[in-house]
Amino acid sequence: MNVKFSEVLEAIEGAGDDVNYYYDKKTQTISFTSEYDDEESDDIEDDFDSHIMLPSKYDINDYHIMEEFIWNLKDEGQQSQLENVINGRGAFRYFRNLVDQFGITQEWYDFQDATYKNIARAWCEDNKLNIIDK
């Protein structure tokens with residue numbers, strides 16, 4: 001079975017509370033369901049064995065990705081400040097504001113992108129799917 005890596009990556013980046021992505025083994029395509037799209041959900045439920053669910057928002061765990069980014073920073077002062085702001089309510093917003101203040105926004109995006117790509121590659125390997133684009 002083949003899959004376009006770009007589509008897997010797009011699905012991982014688009015995972016959310018109300019959206020789930022599936023790989024259809026028959027058509028070798030990726031589709032999604034949302035709580036607002038009963039028709040697509042019914043189609044997948046009717047033929048669930050021919051679908052593989054892609055990682056959900058909970059599988060991806062953006063909070064953990066933020067933690068890993070912080071642990072990989074060389075500047076201990078930045079590490080300490082970022083660790084403090086990701087606890088409690090508004091963690092993502094405070095993290096983003098502080099990353100912007102430190103001027104490391106592009107580093108964050110690069111790290112997040114690389115992590116998403118690793119998750120996508122691992123999902124393809126785990127499901128024995130051949131990647132047809134890079």
# chains A, B, ... in the order shown; residues from 1 in each chain; ligands from 1

$ residues_around --residues "Phe111 (chain A)" --least-positions-apart "4" --cutoff "9 Å" --atoms "only C-alpha atoms" --output "PyMOL selection string"
chain A and resi 65+69+106-107+115-116

$ write_last_selection --atoms "all heavy atoms" --output "PDB file, in the first residue's frame"
ATOM      1  N   ILE A  65       5.674  18.053  22.971  1.00  0.00           N
ATOM      2  CA  ILE A  65       6.602  18.598  21.971  1.00  0.00           C
ATOM      3  C   ILE A  65       7.205  19.907  22.487  1.00  0.00           C
ATOM      4  O   ILE A  65       8.405  20.153  22.327  1.00  0.00           O
ATOM      5  CB  ILE A  65       5.902  18.790  20.607  1.00  0.00           C
ATOM      6  CG1 ILE A  65       5.471  17.425  20.045  1.00  0.00           C
ATOM      7  CG2 ILE A  65       6.819  19.517  19.622  1.00  0.00           C
ATOM      8  CD1 ILE A  65       4.578  17.506  18.820  1.00  0.00           C
ATOM      9  N   PHE A  69      11.199  20.619  23.189  1.00  0.00           N
ATOM     10  CA  PHE A  69      11.870  21.800  22.632  1.00  0.00           C
ATOM     11  C   PHE A  69      12.630  22.537  23.739  1.00  0.00           C
ATOM     12  O   PHE A  69      13.799  22.892  23.573  1.00  0.00           O
ATOM     13  CB  PHE A  69      10.853  22.728  21.968  1.00  0.00           C
ATOM     14  CG  PHE A  69      11.433  24.027  21.495  1.00  0.00           C
ATOM     15  CD1 PHE A  69      12.232  24.078  20.364  1.00  0.00           C
ATOM     16  CD2 PHE A  69      11.186  25.208  22.175  1.00  0.00           C
ATOM     17  CE1 PHE A  69      12.778  25.272  19.917  1.00  0.00           C
ATOM     18  CE2 PHE A  69      11.720  26.413  21.736  1.00  0.00           C
ATOM     19  CZ  PHE A  69      12.518  26.446  20.606  1.00  0.00           C
ATOM     20  N   GLN A 106      11.475  30.780  14.910  1.00  0.00           N
ATOM     21  CA  GLN A 106      11.778  29.886  13.785  1.00  0.00           C
ATOM     22  C   GLN A 106      12.361  28.567  14.281  1.00  0.00           C
ATOM     23  O   GLN A 106      12.049  27.505  13.732  1.00  0.00           O
ATOM     24  CB  GLN A 106      12.730  30.551  12.784  1.00  0.00           C
ATOM     25  CG  GLN A 106      12.879  29.772  11.496  1.00  0.00           C
ATOM     26  CD  GLN A 106      11.534  29.572  10.777  1.00  0.00           C
ATOM     27  OE1 GLN A 106      10.799  30.518  10.550  1.00  0.00           O
ATOM     28  NE2 GLN A 106      11.221  28.334  10.424  1.00  0.00           N
ATOM     29  N   GLU A 107      13.179  28.623  15.333  1.00  0.00           N
ATOM     30  CA  GLU A 107      13.706  27.384  15.915  1.00  0.00           C
ATOM     31  C   GLU A 107      12.561  26.499  16.403  1.00  0.00           C
ATOM     32  O   GLU A 107      12.593  25.282  16.232  1.00  0.00           O
ATOM     33  CB  GLU A 107      14.643  27.691  17.082  1.00  0.00           C
ATOM     34  CG  GLU A 107      15.981  28.242  16.685  1.00  0.00           C
ATOM     35  CD  GLU A 107      16.815  28.571  17.912  1.00  0.00           C
ATOM     36  OE1 GLU A 107      17.000  27.689  18.775  1.00  0.00           O
ATOM     37  OE2 GLU A 107      17.275  29.719  18.003  1.00  0.00           O
ATOM     38  N   THR A 115       9.490  17.214  14.379  1.00  0.00           N
ATOM     39  CA  THR A 115       8.797  16.243  15.236  1.00  0.00           C
ATOM     40  C   THR A 115       7.582  15.672  14.527  1.00  0.00           C
ATOM     41  O   THR A 115       7.353  14.453  14.553  1.00  0.00           O
ATOM     42  CB  THR A 115       8.389  16.893  16.572  1.00  0.00           C
ATOM     43  OG1 THR A 115       9.558  17.422  17.218  1.00  0.00           O
ATOM     44  CG2 THR A 115       7.705  15.893  17.485  1.00  0.00           C
ATOM     45  N   TYR A 116       6.799  16.535  13.878  1.00  0.00           N
ATOM     46  CA  TYR A 116       5.641  16.055  13.116  1.00  0.00           C
ATOM     47  C   TYR A 116       6.082  15.091  12.006  1.00  0.00           C
ATOM     48  O   TYR A 116       5.429  14.072  11.767  1.00  0.00           O
ATOM     49  CB  TYR A 116       4.871  17.215  12.495  1.00  0.00           C
ATOM     50  CG  TYR A 116       4.031  18.027  13.455  1.00  0.00           C
ATOM     51  CD1 TYR A 116       3.531  19.264  13.069  1.00  0.00           C
ATOM     52  CD2 TYR A 116       3.713  17.577  14.733  1.00  0.00           C
ATOM     53  CE1 TYR A 116       2.742  20.018  13.918  1.00  0.00           C
ATOM     54  CE2 TYR A 116       2.936  18.337  15.588  1.00  0.00           C
ATOM     55  CZ  TYR A 116       2.451  19.556  15.183  1.00  0.00           C
ATOM     56  OH  TYR A 116       1.667  20.300  16.023  1.00  0.00           O
TER      57      TYR A 116
END

$ select_by_dssp --residues "region 53-91 of chain A" --states "helix (DSSP H, G or I)" --output "ChimeraX atom specification"
/A:57-60,62-72,76-85,91

$ write_last_selection --atoms "C-alpha atoms" --output "PDB file, in the first residue's frame"
ATOM      1  CA  LYS A  57      -4.315  15.204  18.657  1.00  0.00           C
ATOM      2  CA  TYR A  58      -3.818  13.183  21.837  1.00  0.00           C
ATOM      3  CA  ASP A  59      -1.325  10.841  20.193  1.00  0.00           C
ATOM      4  CA  ILE A  60       0.665  13.795  18.903  1.00  0.00           C
ATOM      5  CA  ASP A  62       1.783  19.182  21.410  1.00  0.00           C
ATOM      6  CA  TYR A  63       2.420  19.900  25.091  1.00  0.00           C
ATOM      7  CA  HIS A  64       5.075  17.183  25.163  1.00  0.00           C
ATOM      8  CA  ILE A  65       6.602  18.598  21.971  1.00  0.00           C
ATOM      9  CA  MET A  66       6.907  21.973  23.736  1.00  0.00           C
ATOM     10  CA  GLU A  67       8.640  20.259  26.672  1.00  0.00           C
ATOM     11  CA  GLU A  68      11.103  18.506  24.372  1.00  0.00           C
ATOM     12  CA  PHE A  69      11.870  21.800  22.632  1.00  0.00           C
ATOM     13  CA  ILE A  70      12.571  23.436  25.980  1.00  0.00           C
ATOM     14  CA  TRP A  71      14.836  20.577  27.113  1.00  0.00           C
ATOM     15  CA  ASN A  72      16.823  20.905  23.869  1.00  0.00           C
ATOM     16  CA  GLU A  76      19.433  27.568  30.606  1.00  0.00           C
ATOM     17  CA  GLY A  77      17.776  30.916  31.322  1.00  0.00           C
ATOM     18  CA  GLN A  78      15.405  30.448  28.405  1.00  0.00           C
ATOM     19  CA  GLN A  79      14.778  26.865  29.497  1.00  0.00           C
ATOM     20  CA  SER A  80      13.881  27.934  33.001  1.00  0.00           C
ATOM     21  CA  GLN A  81      11.561  30.737  31.940  1.00  0.00           C
ATOM     22  CA  LEU A  82       9.791  28.588  29.351  1.00  0.00           C
ATOM     23  CA  GLU A  83       9.345  25.732  31.826  1.00  0.00           C
ATOM     24  CA  ASN A  84       7.661  28.169  34.210  1.00  0.00           C
ATOM     25  CA  VAL A  85       5.159  29.491  31.664  1.00  0.00           C
ATOM     26  CA  ALA A  91       0.406  27.453  28.547  1.00  0.00           C
TER      27      ALA A  91
END

$ residues_around --residues "Thr27 (chain A)" --least-positions-apart "4" --cutoff "12 Å" --atoms "only C-alpha atoms" --output "VMD selection string"
chain A and resid 1 to 3 22 to 23 31 50 to 51

$ select_by_dssp --residues "chain A" --states "strand (DSSP E)" --output "PDB file with C-alpha atoms, in the first residue's frame"
ATOM      1  CA  ASN A   2       1.202   3.480  -0.858  1.00  0.00           C
ATOM      2  CA  VAL A   3       0.658   6.836   0.802  1.00  0.00           C
ATOM      3  CA  VAL A  19     -11.267  16.020  13.534  1.00  0.00           C
ATOM      4  CA  ASN A  20      -9.905  12.513  12.936  1.00  0.00           C
ATOM      5  CA  TYR A  21      -8.006  11.380   9.851  1.00  0.00           C
ATOM      6  CA  TYR A  22      -8.106   7.904   8.314  1.00  0.00           C
ATOM      7  CA  TYR A  23      -6.144   6.079   5.645  1.00  0.00           C
ATOM      8  CA  ASP A  24      -8.386   4.079   3.332  1.00  0.00           C
ATOM      9  CA  THR A  29      -6.167   7.951   0.234  1.00  0.00           C
ATOM     10  CA  ILE A  30      -6.566   9.927   3.427  1.00  0.00           C
ATOM     11  CA  SER A  31      -9.894  11.350   4.497  1.00  0.00           C
ATOM     12  CA  PHE A  32     -11.163  12.921   7.661  1.00  0.00           C
ATOM     13  CA  THR A  33     -14.203  12.928   9.838  1.00  0.00           C
ATOM     14  CA  SER A  34     -15.430  15.642  12.083  1.00  0.00           C
ATOM     15  CA  HIS A  51      -9.360   2.130   7.399  1.00  0.00           C
ATOM     16  CA  ILE A  52      -6.360   2.962   9.565  1.00  0.00           C
ATOM     17  CA  MET A  53      -6.689   5.902  11.922  1.00  0.00           C
ATOM     18  CA  ASN A 130       5.206   2.872   1.268  1.00  0.00           C
ATOM     19  CA  ILE A 131       5.860   6.589   1.071  1.00  0.00           C
TER      20      ILE A 131
END

$ residues_around --residues "Ile12 (chain A)" --least-positions-apart "3" --cutoff "7 Å" --atoms "only C-alpha atoms" --output "JSON, numbers by chain"
{"A": [8, 9, 15, 55, 116]}

$ residues_around --residues "Asp133 (chain A)" --least-positions-apart "4" --cutoff "8 Å" --atoms "only C-alpha atoms" --output "PyMOL selection string"
chain A and resi 4-6

$ closest_residue --among "A:Leu54, A:Lys74, A:Arg93, A:Trp108" --to "Trp123 (chain A)" --atoms "only C-alpha atoms"
A:Leu54

$ atom_distance --atom1 "CA of Gly88 (chain A)" --atom2 "CA of Asp17 (chain A)"
19.3 Å

$ closest_residue --among "A:Ala114, A:Ile86, A:Val99, A:Ile132" --to "Leu73 (chain A)" --atoms "only C-alpha atoms"
A:Val99
